[in-house]
Structures are given as structure tokens and as C-alpha cells.
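The next block holds one structure in the form of C-alpha cells; read it before the comments.
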Amino acid sequence: MLTVENGVLNYARDKQAEGADATLTTTRAALDEIVLGEATMADKLAAGEAVIEGSREKLVEFLSLLDTFEFWFNIVTP
């Protein structure tokens with residue numbers, strides 16, 4: 001379960017929120033491919049490797065709020 005509270009994304013394993021706007025079900029392997037840029041969420045949904053229950057629009061809205069960062073970035077700069 002992912003929740004956002006005070007601008008912080010929190011994860012709770014093996015829990016489901018009552019009244020969730022959307023539920024995304026996928027495998028770890030499919031999620032890894034998405035995160036690594038080897039596939040898109042649309043690819044996984046079309047292939048049946050990911051399933052959305054509830055409001056697809058709310059999930060898209062949530063994902064649009066996440067920042068993307070360069071893989072290599074300076075942790076400390078002078």
C-alpha cells in the first residue's frame with residue numbers, strides 16, 4: 001500500500017487501504033522493467049502483466065506527481 005502524507009510517500013507491505021481510489025497489481029519483475037525504463041506501464045497493462053482496479057485516472061494523476069531524477073547525480077556539490 002502506498003500513501004502520501006505531508007508530501008512523503010509511504011509504503012506498507014501486505015496491506016490494502018479501504019476505499020482506495022485505485023489498485024495496481026503487478027509482479028516485481030514487471031515493476032523493475034518499468035522503473036529501469038525497459039518497458040512502460042502501458043506496455044505492461046496491454047500485456048496483462050499489470051492490472052488496474054478502480055480509477056485509472058486517479059492512478060495516472062498520482063504517477064504524474066512523482067519526480068524523475070537522473071540516475072547519476074551529485075550527492076554533495078561544492
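In the C-alpha cells, each chain is lettered A, B, ... as it comes, each chain's residues begin at 1, and ligands are numbered from 1 in order of appearance.
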
Review point. Can you list every residue in segment 38-68 of chain A that DSSP puts in strand (DSSP E or B), as a PyMOL selection string?
Key: chain A and resi 50-54

Point to revise | 12 Å contact set for Leu65 of chain A, only C-alpha atoms, chain neighbours under 2 positions out, as a PyMOL selection string | key: chain A and resi 4+7-9+58-63+67-68

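Minimum atom-to-atom distances from A:Ala46, A:Leu36, A:Ser55, A:Asn6 to Gly19 of chain A were compared using only C-alpha atoms, and the lowest value belongs to A:Ser55.
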